[in-house]
Structures are given as C-alpha cells and as structure tokens.
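Participant: File model-v8.pdb below, PDB, C-alpha atoms and all ligand atoms:
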ATOM      1  CA  MET V   1      15.669   9.003  17.807
ATOM      2  CA  LYS V   2      12.950   6.883  16.236
ATOM      3  CA  LEU V   3      13.458   5.456  12.725
ATOM      4  CA  LEU V   4      10.784   7.662  11.104
ATOM      5  CA  GLN V   5      10.929  10.661  13.431
ATOM      6  CA  ASP V   6       8.914  13.587  11.963
ATOM      7  CA  GLN V   7       8.687  11.938   8.532
ATOM      8  CA  VAL V   8       5.392  12.773   6.821
ATOM      9  CA  VAL V   9       3.859   9.643   5.337
ATOM     10  CA  LEU V  10       0.851   9.446   3.037
ATOM     11  CA  ILE V  11      -0.792   5.992   3.079
ATOM     12  CA  THR V  12      -3.714   5.159   0.792
ATOM     13  CA  GLY V  13      -6.369   2.776   2.094
ATOM     14  CA  ALA V  14      -5.555   2.655   5.806
ATOM     15  CA  SER V  15      -9.004   2.313   7.368
ATOM     16  CA  ARG V  16      -8.396  -1.421   7.868
ATOM     17  CA  GLY V  17      -6.101  -4.365   7.164
ATOM     18  CA  ILE V  18      -2.502  -3.847   6.102
ATOM     19  CA  GLY V  19      -2.813  -0.063   5.661
ATOM     20  CA  LYS V  20      -4.105   0.327   9.210
ATOM     21  CA  ALA V  21      -1.202  -1.713  10.620
ATOM     22  CA  ILE V  22       1.235   0.414   8.627
ATOM     23  CA  ALA V  23      -0.330   3.607  10.070
ATOM     24  CA  GLU V  24      -0.055   2.205  13.621
ATOM     25  CA  GLU V  25       3.536   0.991  13.266
ATOM     26  CA  PHE V  26       4.615   4.218  11.560
ATOM     27  CA  VAL V  27       3.206   6.325  14.411
ATOM     28  CA  LYS V  28       5.065   4.100  16.906
ATOM     29  CA  ASN V  29       8.214   4.880  14.931
ATOM     30  CA  GLY V  30       7.696   8.643  15.094
ATOM     31  CA  ALA V  31       6.033   9.338  11.727
ATOM     32  CA  ILE V  32       3.364  11.958  11.028
ATOM     33  CA  VAL V  33       0.607  10.073   9.202
ATOM     34  CA  ALA V  34      -1.851  11.201   6.552
ATOM     35  CA  PHE V  35      -4.067   8.336   5.423
ATOM     36  CA  THR V  36      -6.988   7.821   3.072
ATOM     37  CA  TYR V  37     -10.058   5.641   2.836
ATOM     38  CA  ALA V  38     -12.819   5.193   0.265
ATOM     39  CA  SER V  39     -15.982   4.944   2.377
ATOM     40  CA  SER V  40     -15.231   3.610   5.897
ATOM     41  CA  GLU V  41     -15.850   6.939   7.649
ATOM     42  CA  GLU V  42     -16.338   5.455  11.131
ATOM     43  CA  LYS V  43     -13.273   3.205  10.972
ATOM     44  CA  ALA V  44     -11.203   6.161   9.762
ATOM     45  CA  LYS V  45     -12.382   8.369  12.643
ATOM     46  CA  ALA V  46     -11.643   5.536  15.103
ATOM     47  CA  LEU V  47      -8.128   5.131  13.696
ATOM     48  CA  GLU V  48      -7.516   8.876  13.923
ATOM     49  CA  ALA V  49      -8.588   8.809  17.583
ATOM     50  CA  GLU V  50      -6.493   5.696  18.330
ATOM     51  CA  LEU V  51      -3.324   7.123  16.781
ATOM     52  CA  THR V  52      -3.819  10.526  18.383
ATOM     53  CA  ALA V  53      -4.198   8.814  21.781
ATOM     54  CA  MET V  54      -0.856   7.099  21.094
ATOM     55  CA  GLY V  55       0.665  10.590  20.851
ATOM     56  CA  GLY V  56       0.716  10.639  17.052
ATOM     57  CA  THR V  57       0.014  13.450  14.619
ATOM     58  CA  VAL V  58      -2.482  12.043  12.142
ATOM     59  CA  LYS V  59      -5.175  13.051   9.685
ATOM     60  CA  GLY V  60      -7.587  10.886   7.679
ATOM     61  CA  PHE V  61      -8.842  11.963   4.248
ATOM     62  CA  LYS V  62     -11.756  10.526   2.304
ATOM     63  CA  SER V  63     -10.291  10.323  -1.195
ATOM     64  CA  ASP V  64     -10.803   7.967  -4.127
ATOM     65  CA  ALA V  65      -7.312   6.833  -5.157
ATOM     66  CA  SER V  66      -8.554   5.839  -8.609
ATOM     67  CA  ASN V  67      -9.534   9.446  -9.394
ATOM     68  CA  TYR V  68      -6.746  11.520 -10.965
ATOM     69  CA  ASP V  69      -8.016  14.958  -9.875
ATOM     70  CA  ALA V  70      -8.837  13.727  -6.354
ATOM     71  CA  ALA V  71      -5.217  12.548  -5.947
ATOM     72  CA  GLN V  72      -3.903  16.015  -6.804
ATOM     73  CA  THR V  73      -6.355  17.652  -4.380
ATOM     74  CA  LEU V  74      -5.360  15.158  -1.670
ATOM     75  CA  VAL V  75      -1.658  15.911  -2.049
ATOM     76  CA  ASP V  76      -2.393  19.662  -1.949
ATOM     77  CA  ASP V  77      -4.400  19.109   1.268
ATOM     78  CA  VAL V  78      -1.652  17.010   2.886
ATOM     79  CA  MET V  79       0.959  19.636   1.932
ATOM     80  CA  ALA V  80      -1.253  22.333   3.449
ATOM     81  CA  ALA V  81      -1.650  20.294   6.653
ATOM     82  CA  PHE V  82       1.926  19.054   7.143
ATOM     83  CA  GLY V  83       4.160  21.059   4.755
ATOM     84  CA  LYS V  84       5.939  18.070   3.132
ATOM     85  CA  ILE V  85       5.516  14.454   2.059
ATOM     86  CA  ASP V  86       8.551  12.237   2.676
ATOM     87  CA  VAL V  87       6.949   8.865   2.018
ATOM     88  CA  LEU V  88       4.059   7.707  -0.171
ATOM     89  CA  ILE V  89       2.597   4.240   0.305
ATOM     90  CA  ASN V  90       0.277   3.163  -2.493
ATOM     91  CA  ASN V  91      -1.609   0.531  -0.517
ATOM     92  CA  ALA V  92      -5.275   0.905  -1.556
ATOM     93  CA  GLY V  93      -6.452  -2.177  -3.385
ATOM     94  CA  ILE V  94      -9.488  -4.274  -4.209
ATOM     95  CA  THR V  95     -10.285  -7.681  -5.683
ATOM     96  CA  ARG V  96     -13.034  -8.657  -8.108
ATOM     97  CA  ASP V  97     -12.113 -12.320  -8.454
ATOM     98  CA  THR V  98     -13.606 -14.529 -11.125
ATOM     99  CA  LEU V  99     -12.501 -16.626 -14.090
ATOM    100  CA  LEU V 100     -11.829 -14.733 -17.312
ATOM    101  CA  MET V 101     -14.835 -16.457 -18.865
ATOM    102  CA  ARG V 102     -17.120 -14.662 -16.386
ATOM    103  CA  MET V 103     -15.174 -11.440 -15.887
ATOM    104  CA  SER V 104     -16.994  -8.280 -16.923
ATOM    105  CA  GLU V 105     -15.344  -5.202 -18.367
ATOM    106  CA  GLN V 106     -16.407  -3.369 -15.201
ATOM    107  CA  GLN V 107     -14.647  -5.924 -12.955
ATOM    108  CA  TRP V 108     -11.475  -5.514 -15.016
ATOM    109  CA  ASP V 109     -11.640  -1.699 -15.023
ATOM    110  CA  GLU V 110     -12.432  -1.311 -11.302
ATOM    111  CA  VAL V 111      -9.424  -3.411 -10.306
ATOM    112  CA  MET V 112      -7.076  -1.676 -12.757
ATOM    113  CA  ASP V 113      -8.228   1.789 -11.692
ATOM    114  CA  THR V 114      -8.055   1.147  -7.937
ATOM    115  CA  ASN V 115      -4.885  -0.945  -7.846
ATOM    116  CA  LEU V 116      -2.746   0.388 -10.710
ATOM    117  CA  LYS V 117      -3.982   3.732 -11.987
ATOM    118  CA  SER V 118      -4.125   4.911  -8.359
ATOM    119  CA  ALA V 119      -0.341   4.485  -8.078
ATOM    120  CA  PHE V 120       0.128   6.618 -11.200
ATOM    121  CA  ASN V 121      -2.290   9.246  -9.818
ATOM    122  CA  LEU V 122      -0.634   9.540  -6.409
ATOM    123  CA  THR V 123       2.978   9.182  -7.566
ATOM    124  CA  LYS V 124       2.419  11.873 -10.195
ATOM    125  CA  ALA V 125       0.911  14.145  -7.538
ATOM    126  CA  VAL V 126       3.744  13.693  -4.976
ATOM    127  CA  GLN V 127       6.448  13.945  -7.622
ATOM    128  CA  ARG V 128       6.629  17.749  -7.531
ATOM    129  CA  PRO V 129       7.039  18.177  -3.733
ATOM    130  CA  MET V 130       9.487  15.244  -3.585
ATOM    131  CA  LEU V 131      11.558  16.652  -6.471
ATOM    132  CA  LYS V 132      11.683  20.008  -4.725
ATOM    133  CA  ALA V 133      12.823  18.347  -1.495
ATOM    134  CA  ARG V 134      15.265  16.126  -3.460
ATOM    135  CA  LYS V 135      14.144  13.283  -1.247
ATOM    136  CA  GLY V 136      11.417  10.671  -1.097
ATOM    137  CA  SER V 137      10.478   7.046  -0.717
ATOM    138  CA  ILE V 138       7.572   5.562  -2.650
ATOM    139  CA  ILE V 139       6.297   2.103  -1.721
ATOM    140  CA  ASN V 140       3.818   0.223  -3.902
ATOM    141  CA  MET V 141       1.778  -2.638  -2.445
ATOM    142  CA  SER V 142       1.953  -5.396  -5.031
ATOM    143  CA  SER V 143       1.300  -9.096  -4.325
ATOM    144  CA  VAL V 144       2.990 -12.462  -4.854
ATOM    145  CA  VAL V 145       0.159 -13.053  -7.303
ATOM    146  CA  GLY V 146       1.603 -10.243  -9.426
ATOM    147  CA  VAL V 147       4.761 -12.326  -9.789
ATOM    148  CA  SER V 148       3.248 -15.808 -10.102
ATOM    149  CA  GLY V 149      -0.229 -15.176 -11.552
ATOM    150  CA  ASN V 150      -3.326 -16.881 -10.143
ATOM    151  CA  ALA V 151      -6.317 -18.567 -11.756
ATOM    152  CA  GLY V 152      -9.452 -16.550 -11.046
ATOM    153  CA  GLN V 153      -7.492 -13.341 -10.449
ATOM    154  CA  SER V 154      -6.317 -12.278 -13.919
ATOM    155  CA  ASN V 155      -7.410  -8.671 -13.330
ATOM    156  CA  TYR V 156      -5.841  -8.494  -9.857
ATOM    157  CA  ALA V 157      -2.612 -10.281 -10.896
ATOM    158  CA  ALA V 158      -2.244  -8.017 -13.943
ATOM    159  CA  SER V 159      -2.696  -4.898 -11.802
ATOM    160  CA  LYS V 160      -0.127  -6.132  -9.255
ATOM    161  CA  ALA V 161       2.363  -7.131 -11.999
ATOM    162  CA  GLY V 162       1.824  -3.681 -13.517
ATOM    163  CA  LEU V 163       2.791  -2.115 -10.198
ATOM    164  CA  ILE V 164       6.136  -3.919 -10.298
ATOM    165  CA  GLY V 165       6.931  -2.542 -13.782
ATOM    166  CA  PHE V 166       5.808   0.900 -12.636
ATOM    167  CA  THR V 167       8.032   0.639  -9.538
ATOM    168  CA  LYS V 168      11.150  -0.218 -11.556
ATOM    169  CA  SER V 169      10.489   2.583 -14.060
ATOM    170  CA  ILE V 170       9.964   5.254 -11.396
ATOM    171  CA  ALA V 171      13.103   4.059  -9.583
ATOM    172  CA  GLN V 172      15.050   4.649 -12.801
ATOM    173  CA  GLU V 173      13.421   8.014 -13.546
ATOM    174  CA  LEU V 174      13.749   9.533 -10.091
ATOM    175  CA  GLY V 175      16.833   7.845  -8.618
ATOM    176  CA  SER V 176      19.122  10.753  -9.583
ATOM    177  CA  ARG V 177      16.932  13.028  -7.435
ATOM    178  CA  ASN V 178      17.253  10.801  -4.357
ATOM    179  CA  ILE V 179      13.696   9.518  -4.697
ATOM    180  CA  ARG V 180      13.479   5.769  -4.201
ATOM    181  CA  CYS V 181      10.643   3.500  -5.319
ATOM    182  CA  ASN V 182      10.143  -0.086  -4.169
ATOM    183  CA  ALA V 183       7.356  -2.646  -4.064
ATOM    184  CA  ILE V 184       6.227  -5.073  -1.385
ATOM    185  CA  ALA V 185       4.663  -8.345  -2.498
ATOM    186  CA  PRO V 186       2.704  -9.820   0.427
ATOM    187  CA  GLY V 187       1.661 -13.456   0.322
ATOM    188  CA  PHE V 188      -1.171 -14.813   2.454
ATOM    189  CA  ILE V 189      -1.773 -12.162   5.098
ATOM    190  CA  GLU V 190      -4.368 -12.943   7.756
ATOM    191  CA  THR V 191      -6.818 -10.047   8.123
ATOM    192  CA  GLU V 192     -10.503  -9.605   9.017
ATOM    193  CA  MET V 193     -11.203 -10.778   5.469
ATOM    194  CA  THR V 194      -9.457 -14.149   5.887
ATOM    195  CA  ALA V 195     -10.947 -14.610   9.388
ATOM    196  CA  ALA V 196     -14.298 -15.121   7.664
ATOM    197  CA  LEU V 197     -12.935 -18.080   5.638
ATOM    198  CA  ASP V 198     -13.342 -21.760   6.509
ATOM    199  CA  GLU V 199     -10.671 -22.637   9.146
ATOM    200  CA  LYS V 200      -9.852 -25.920   7.347
ATOM    201  CA  VAL V 201      -9.062 -24.093   4.111
ATOM    202  CA  VAL V 202      -6.956 -21.517   5.959
ATOM    203  CA  GLN V 203      -5.035 -24.296   7.755
ATOM    204  CA  GLU V 204      -4.248 -25.935   4.407
ATOM    205  CA  TRP V 205      -2.823 -22.620   3.202
ATOM    206  CA  ARG V 206      -0.709 -22.296   6.320
ATOM    207  CA  ASN V 207       0.651 -25.846   5.883
ATOM    208  CA  SER V 208       1.767 -25.086   2.328
ATOM    209  CA  ILE V 209       3.914 -22.121   3.470
ATOM    210  CA  PRO V 210       7.560 -22.851   4.514
ATOM    211  CA  LEU V 211       7.159 -20.780   7.719
ATOM    212  CA  LYS V 212       3.900 -22.699   8.443
ATOM    213  CA  ARG V 213       1.767 -19.643   9.183
ATOM    214  CA  GLY V 214      -0.052 -16.829   7.453
ATOM    215  CA  GLY V 215       1.557 -13.409   7.658
ATOM    216  CA  SER V 216       0.257 -10.641   9.901
ATOM    217  CA  PRO V 217      -0.347  -7.056   8.764
ATOM    218  CA  VAL V 218       2.512  -6.085  11.111
ATOM    219  CA  ASP V 219       4.881  -8.385   9.162
ATOM    220  CA  VAL V 220       4.137  -6.241   6.098
ATOM    221  CA  ALA V 221       4.300  -2.966   8.062
ATOM    222  CA  ASN V 222       7.809  -3.852   9.306
ATOM    223  CA  VAL V 223       9.102  -4.111   5.734
ATOM    224  CA  ALA V 224       7.367  -0.813   4.903
ATOM    225  CA  ILE V 225       9.230   0.803   7.835
ATOM    226  CA  PHE V 226      12.512  -0.482   6.406
ATOM    227  CA  LEU V 227      11.727   0.818   2.908
ATOM    228  CA  ALA V 228      10.487   4.180   4.220
ATOM    229  CA  SER V 229      13.495   4.788   6.455
ATOM    230  CA  ASP V 230      17.153   5.539   5.737
ATOM    231  CA  MET V 231      17.883   1.912   6.673
ATOM    232  CA  SER V 232      17.118   1.208   2.984
ATOM    233  CA  ALA V 233      18.925   4.295   1.611
ATOM    234  CA  TYR V 234      20.663   2.198  -1.082
ATOM    235  CA  VAL V 235      17.607   0.105  -2.042
ATOM    236  CA  THR V 236      15.462   1.120  -5.012
ATOM    237  CA  GLY V 237      13.549  -0.575  -7.825
ATOM    238  CA  GLN V 238      13.153  -3.761  -5.776
ATOM    239  CA  THR V 239      10.209  -5.982  -4.950
ATOM    240  CA  ILE V 240      10.394  -7.583  -1.508
ATOM    241  CA  ASN V 241       8.246 -10.679  -1.043
ATOM    242  CA  VAL V 242       6.693 -10.896   2.430
ATOM    243  CA  CYS V 243       5.238 -14.355   2.114
ATOM    244  CA  GLY V 244       6.850 -16.768   4.598
ATOM    245  CA  GLY V 245       8.811 -18.313   1.739
ATOM    246  CA  MET V 246       5.699 -19.148  -0.310
ATOM    247  CA  LEU V 247       7.338 -17.628  -3.400
ATOM    248  CA  MET V 248      11.074 -18.007  -3.921
TER     249      MET V 248
HETATM  250  P1  LIG V 301      -8.497  -4.328   2.823
HETATM  251  O1  LIG V 301      -8.524  -4.817   4.231
HETATM  252  O2  LIG V 301      -9.578  -4.744   1.904
HETATM  253  O3  LIG V 301      -8.400  -2.728   2.866
HETATM  254  C1  LIG V 301      -8.352  -1.994   1.673
HETATM  255  C2  LIG V 301      -8.195  -0.538   1.992
HETATM  256  O4  LIG V 301      -8.185   0.182   0.749
HETATM  257  C3  LIG V 301      -9.343   0.026   2.808
HETATM  258  O5  LIG V 301      -8.838   1.009   3.673
HETATM  259  C4  LIG V 301     -10.232   0.681   1.736
HETATM  260  O6  LIG V 301     -11.009   1.782   2.222
HETATM  261  C5  LIG V 301      -9.161   1.199   0.788
HETATM  262  N1  LIG V 301      -9.657   1.469  -0.565
HETATM  263  C6  LIG V 301     -10.310   0.625  -1.402
HETATM  264  N2  LIG V 301     -10.598   1.274  -2.549
HETATM  265  C7  LIG V 301     -10.115   2.535  -2.430
HETATM  266  C8  LIG V 301     -10.107   3.692  -3.258
HETATM  267  N3  LIG V 301     -10.643   3.667  -4.484
HETATM  268  N4  LIG V 301      -9.551   4.820  -2.792
HETATM  269  C9  LIG V 301      -8.995   4.865  -1.545
HETATM  270  N5  LIG V 301      -8.964   3.811  -0.725
HETATM  271  C10 LIG V 301      -9.522   2.662  -1.158
HETATM  272  O7  LIG V 301      -7.118  -4.750   2.090
HETATM  273  P2  LIG V 301      -5.789  -5.420   2.682
HETATM  274  O8  LIG V 301      -5.976  -6.889   2.727
HETATM  275  O9  LIG V 301      -5.334  -4.704   3.892
HETATM  276  O10 LIG V 301      -4.768  -5.122   1.466
HETATM  277  C11 LIG V 301      -4.043  -3.917   1.370
HETATM  278  C12 LIG V 301      -3.177  -3.978   0.115
HETATM  279  O11 LIG V 301      -2.337  -5.117   0.171
HETATM  280  C13 LIG V 301      -3.988  -4.106  -1.170
HETATM  281  O12 LIG V 301      -3.360  -3.384  -2.213
HETATM  282  C14 LIG V 301      -3.934  -5.596  -1.457
HETATM  283  O13 LIG V 301      -4.105  -5.876  -2.816
HETATM  284  C15 LIG V 301      -2.529  -5.925  -0.980
HETATM  285  N6  LIG V 301      -2.352  -7.339  -0.622
HETATM  286  C16 LIG V 301      -3.086  -7.916   0.375
HETATM  287  C17 LIG V 301      -2.888  -9.271   0.694
HETATM  288  C18 LIG V 301      -3.645  -9.946   1.805
HETATM  289  O14 LIG V 301      -3.473 -11.166   1.994
HETATM  290  N7  LIG V 301      -4.464  -9.262   2.572
HETATM  291  C19 LIG V 301      -1.955 -10.007  -0.042
HETATM  292  C20 LIG V 301      -1.244  -9.381  -1.049
HETATM  293  C21 LIG V 301      -1.441  -8.043  -1.329
HETATM  294  P3  LIG V 301     -12.550   1.539   2.737
HETATM  295  O15 LIG V 301     -12.432   0.821   4.064
HETATM  296  O16 LIG V 301     -13.098   2.911   2.887
HETATM  297  O17 LIG V 301     -13.203   0.709   1.683
END
Would you give me this structure, written as structure tokens?
Ligand code: NAP
Facilitator:
Amino acid sequence: MKLLQDQVVLITGASRGIGKAIAEEFVKNGAIVAFTYASSEEKAKALEAELTAMGGTVKGFKSDASNYDAAQTLVDDVMAAFGKIDVLINNAGITRDTLLMRMSEQQWDEVMDTNLKSAFNLTKAVQRPMLKARKGSIINMSSVVGVSGNAGQSNYAASKAGLIGFTKSIAQELGSRNIRCNAIAPGFIETEMTAALDEKVVQEWRNSIPLKRGGSPVDVANVAIFLASDMSAYVTGQTINVCGGMLM
C-alpha cells in the first residue's frame, strides 16, 4: 500500500512551483488531490490532465486563499467532491519585496492576507470536517526567512514567522482530537522564478549552502509526504527546515 493511499489532500497554490511538485508526488503516493490556484487557469487545467493521466483522482479549484468566504465555499466544494479532507497544505504565497522605507500599506496587506490570513481561513474551514473525523494533518508552508528575518522582506518574513506561531497554537488546540499541525520552512528552492535570475548570483547562493546546491520542489514535497502520512504520527507543532543546512 502506498503511503498516502486514498487520503484526500487539499493544497492551496499548486498551479506551479512547490505546490505543483507536492500535487505530483502526492498522486504518486496514492493521494486524491484537490488543489487551488489564483489565476493560472491554463496551468491548472494542464496539471489536472497530467495527474489524471498518471492515474490520479484530482480536481483544480480557482479560489482566492486570502478570502474568508471563498475558503469556506472551497472546503464545502471539496467535501462534496471527495467526501472528506485528511490533509490541508497551506502553500499559497506571494512576495512583495522592498525595504520598509518604500513599502506601501498595500504591499504589506497583500502579503499578510495571502500568506498568513489564508492559513487562518483554510484551517478554520477544514476544522469542522477534521474534528468530525477525529483525524487530520495540517501543513503550513513557512520559510527560513520567517525564522531568520531578511532585509527587504519584512512583510514576507513577518507573515512566515506568523505561520510558525499559528502552527504551534493549532497543534496545541487540536492535538487532543488527533489533528496534527506542522510547518515546513524551505530555504533556497530552485523554481521557474529563480531560473530567471543571473546564474552568477544563483551560484553564489549555492556556494553558501552546506549541501552546495539549491533545493528542488521535490525536496520540499518529500517532507510534506512525511508530515501528511502516518510516518509522522507523533510529530506536531514542529517546523522542519528544508534548506540544505543554510539555517541551523
Ligand atoms: P510560486 O511558484 O510563485 O507559486 C505560488 C502559487 O500560489 C501559485 O500556484 C499561485 O497561483 C498561488 N497563489 C498565489 N496567490 C494566491 C491566492 N491568493 N489564492 C490561491 N492561490 C494563490 O511559489 P513557490 O515558489 O512554489 O512557493 C510556494 C510556497 O513556498 C509559498 O508559500 C512560498 O512563500 C514558500 N516558499 C518558497 C520558497 C522558494 O524558494 N521558492 C522558499 C521558501 C518558502 P497562480 O499561478 O494562479 O498565481
């Protein structure tokens, strides 16, 4: 039997990058995948087709994770489609990087709403079905920057640090009901976004990491599989850094 056989997983922001890799690896491990995206309709349709061709059961939903009512509607729709939600992965995230001196209120609010409020919205919405099932695993995608801070990313770092506090609190609130909540803190993960950067700059980053390479989205997905599955049945309230040793 596969590690996530017949487990229903809801992943926010899976049209590309880390979320997409998580959707792919979860299907390979037997999961039924519901995923969301904000606007990448074509990429979402392509992912649905790809995962279905792999033999997976999958459905993409256009849903704004930062919208409280939309999160409730989404969870109702996923319940109607698949009958349960075993795992929630709060992965959707954005950056609006700039120094505090130049940061607008809008740049602060957009990052907070998409990265942090979204986790409240979705966790609140899945709470009822998970409580009823007396079972669940919630995984929040934080960042090493949420632990260390980073100049030019005060909004992003604050949202990712907030996710860690949220994770620990939910783990304490829901542990007695067999609902676990953990965070993943990725470091420098090489995606389409980083492929557009200057190769010299990227190489300098790689050299500064103990494992001497950037991470891949699959490196992050593998830790998500662990946290979603019963392999981590006694792990809750933790933040696992997936950063090649960048942060110790
Ligand atoms: P990405 O490639 O930019 O993808 C972001 C995903 O989130 C897309 O699917 C996007 O959908 C979706 N999204 C954005 N706003 C949304 C909203 N309001 N509602 C629903 N979905 C929304 O990002 P990534 O690099 O894979 O990162 C994924 C997560 O890991 C983020 O939380 C990020 O902060 C975190 N992380 C990434 C790194 C890294 O090095 N890449 C490092 C540390 C942490 P559309 O395509 O429709 O816009």
Participant: Can you pull out the residues contacting segment 171-179 of chain V? Cut-off 12 Å, using only C-alpha atoms, and skip same-chain residues under 6 positions away; I want them as an MDAnalysis selection string.
Facilitator: chainID V and resid 85:88 123:124 126:140 164:165 227:228 230 232:239
Participant: With all atoms listed in the file as the atoms that count, which of V:Val145, V:Leu211, V:Leu122, V:Leu10 lies nearest to ligand LIG 301 (chain V)?
Facilitator: V:Val145
Participant: Would you compute an axis-aligned box for segment 53-67 of chain V, covering every atom listed for it in the file with 4 Å of margin on each side, and report centre and edge lengths in Å to one decimal as lines of an AutoDock Vina configuration file?
Facilitator:
center_x = -5.5
center_y = 9.6
center_z = 6.2
size_x = 20.5
size_y = 15.6
size_z = 39.2
Participant: Of the candidates V:Arg16, V:Arg213, V:Lys117, V:Lys59, which shows the shortest atom-to-atom distance to ligand LIG 301 (chain V), using only C-alpha atoms and all ligand atoms?
Facilitator: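 Under the stated criterion, the closest residue is V:Arg16.
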Participant: Go through V:Leu247, V:Ile89, V:Met112, V:Ala46 one by one, measure the shortest atom-to-atom distance of each to Ala221 of chain V using only C-alpha atoms, and give the residue with the smallest value.
Facilitator: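 Answer, going by the shortest atom-to-atom distance: V:Ile89.
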Participant: Could you list, as JSON, numbers by chain, all the residues within 6 Å of ligand LIG 301 (chain V), counting all atoms listed in the file?
Facilitator: {"V": [12, 13, 14, 15, 16, 17, 18, 19, 36, 37, 38, 39, 40, 63, 64, 65, 66, 91, 92, 93, 94, 114, 141, 142, 143, 186, 187, 188, 189]}
Participant: Will you model N, CA and C atoms for segment 39-64 of chain V and pass it back as a PDB file, in the frame of the given file?
Facilitator:
ATOM      1  N   SER V  39     -14.639   4.713   1.829  1.00  0.00           N
ATOM      2  CA  SER V  39     -15.982   4.944   2.377  1.00  0.00           C
ATOM      3  C   SER V  39     -16.125   4.651   3.871  1.00  0.00           C
ATOM      4  N   SER V  40     -15.120   4.011   4.477  1.00  0.00           N
ATOM      5  CA  SER V  40     -15.231   3.610   5.897  1.00  0.00           C
ATOM      6  C   SER V  40     -15.007   4.788   6.848  1.00  0.00           C
ATOM      7  N   GLU V  41     -15.947   5.707   6.846  1.00  0.00           N
ATOM      8  CA  GLU V  41     -15.850   6.939   7.649  1.00  0.00           C
ATOM      9  C   GLU V  41     -15.602   6.640   9.144  1.00  0.00           C
ATOM     10  N   GLU V  42     -16.430   5.728   9.679  1.00  0.00           N
ATOM     11  CA  GLU V  42     -16.338   5.455  11.131  1.00  0.00           C
ATOM     12  C   GLU V  42     -15.001   4.835  11.518  1.00  0.00           C
ATOM     13  N   LYS V  43     -14.559   3.861  10.694  1.00  0.00           N
ATOM     14  CA  LYS V  43     -13.273   3.205  10.972  1.00  0.00           C
ATOM     15  C   LYS V  43     -12.138   4.221  10.880  1.00  0.00           C
ATOM     16  N   ALA V  44     -12.250   5.138   9.941  1.00  0.00           N
ATOM     17  CA  ALA V  44     -11.203   6.161   9.762  1.00  0.00           C
ATOM     18  C   ALA V  44     -11.156   7.085  10.981  1.00  0.00           C
ATOM     19  N   LYS V  45     -12.325   7.490  11.450  1.00  0.00           N
ATOM     20  CA  LYS V  45     -12.382   8.369  12.643  1.00  0.00           C
ATOM     21  C   LYS V  45     -11.798   7.632  13.851  1.00  0.00           C
ATOM     22  N   ALA V  46     -12.142   6.332  13.978  1.00  0.00           N
ATOM     23  CA  ALA V  46     -11.643   5.536  15.103  1.00  0.00           C
ATOM     24  C   ALA V  46     -10.122   5.423  15.043  1.00  0.00           C
ATOM     25  N   LEU V  47      -9.587   5.245  13.841  1.00  0.00           N
ATOM     26  CA  LEU V  47      -8.128   5.131  13.696  1.00  0.00           C
ATOM     27  C   LEU V  47      -7.455   6.461  14.039  1.00  0.00           C
ATOM     28  N   GLU V  48      -8.051   7.543  13.590  1.00  0.00           N
ATOM     29  CA  GLU V  48      -7.516   8.876  13.923  1.00  0.00           C
ATOM     30  C   GLU V  48      -7.434   9.043  15.439  1.00  0.00           C
ATOM     31  N   ALA V  49      -8.534   8.665  16.116  1.00  0.00           N
ATOM     32  CA  ALA V  49      -8.588   8.809  17.583  1.00  0.00           C
ATOM     33  C   ALA V  49      -7.545   7.913  18.244  1.00  0.00           C
ATOM     34  N   GLU V  50      -7.448   6.663  17.753  1.00  0.00           N
ATOM     35  CA  GLU V  50      -6.493   5.696  18.330  1.00  0.00           C
ATOM     36  C   GLU V  50      -5.051   6.202  18.199  1.00  0.00           C
ATOM     37  N   LEU V  51      -4.706   6.696  17.017  1.00  0.00           N
ATOM     38  CA  LEU V  51      -3.324   7.123  16.781  1.00  0.00           C
ATOM     39  C   LEU V  51      -3.007   8.423  17.518  1.00  0.00           C
ATOM     40  N   THR V  52      -4.018   9.280  17.643  1.00  0.00           N
ATOM     41  CA  THR V  52      -3.819  10.526  18.383  1.00  0.00           C
ATOM     42  C   THR V  52      -3.588  10.206  19.861  1.00  0.00           C
ATOM     43  N   ALA V  53      -4.358   9.225  20.377  1.00  0.00           N
ATOM     44  CA  ALA V  53      -4.198   8.814  21.781  1.00  0.00           C
ATOM     45  C   ALA V  53      -2.817   8.222  22.027  1.00  0.00           C
ATOM     46  N   MET V  54      -2.214   7.657  20.972  1.00  0.00           N
ATOM     47  CA  MET V  54      -0.856   7.099  21.094  1.00  0.00           C
ATOM     48  C   MET V  54       0.194   8.214  21.069  1.00  0.00           C
ATOM     49  N   GLY V  55      -0.274   9.462  20.899  1.00  0.00           N
ATOM     50  CA  GLY V  55       0.665  10.590  20.851  1.00  0.00           C
ATOM     51  C   GLY V  55       1.054  10.971  19.433  1.00  0.00           C
ATOM     52  N   GLY V  56       0.368  10.377  18.451  1.00  0.00           N
ATOM     53  CA  GLY V  56       0.716  10.639  17.052  1.00  0.00           C
ATOM     54  C   GLY V  56       0.041  11.878  16.480  1.00  0.00           C
ATOM     55  N   THR V  57       0.646  12.391  15.397  1.00  0.00           N
ATOM     56  CA  THR V  57       0.014  13.450  14.619  1.00  0.00           C
ATOM     57  C   THR V  57      -0.534  12.769  13.379  1.00  0.00           C
ATOM     58  N   VAL V  58      -1.860  12.852  13.192  1.00  0.00           N
ATOM     59  CA  VAL V  58      -2.482  12.043  12.142  1.00  0.00           C
ATOM     60  C   VAL V  58      -3.717  12.728  11.587  1.00  0.00           C
ATOM     61  N   LYS V  59      -3.977  12.497  10.295  1.00  0.00           N
ATOM     62  CA  LYS V  59      -5.175  13.051   9.685  1.00  0.00           C
ATOM     63  C   LYS V  59      -5.677  12.080   8.616  1.00  0.00           C
ATOM     64  N   GLY V  60      -6.970  11.761   8.678  1.00  0.00           N
ATOM     65  CA  GLY V  60      -7.587  10.886   7.679  1.00  0.00           C
ATOM     66  C   GLY V  60      -8.288  11.715   6.601  1.00  0.00           C
ATOM     67  N   PHE V  61      -8.207  11.251   5.364  1.00  0.00           N
ATOM     68  CA  PHE V  61      -8.842  11.963   4.248  1.00  0.00           C
ATOM     69  C   PHE V  61      -9.699  10.977   3.457  1.00  0.00           C
ATOM     70  N   LYS V  62     -10.943  11.350   3.200  1.00  0.00           N
ATOM     71  CA  LYS V  62     -11.756  10.526   2.304  1.00  0.00           C
ATOM     72  C   LYS V  62     -11.363  10.907   0.879  1.00  0.00           C
ATOM     73  N   SER V  63     -10.782   9.983   0.143  1.00  0.00           N
ATOM     74  CA  SER V  63     -10.291  10.323  -1.195  1.00  0.00           C
ATOM     75  C   SER V  63     -10.218   9.059  -2.043  1.00  0.00           C
ATOM     76  N   ASP V  64     -10.783   9.119  -3.223  1.00  0.00           N
ATOM     77  CA  ASP V  64     -10.803   7.967  -4.127  1.00  0.00           C
ATOM     78  C   ASP V  64      -9.478   7.916  -4.893  1.00  0.00           C
TER      79      ASP V  64
END
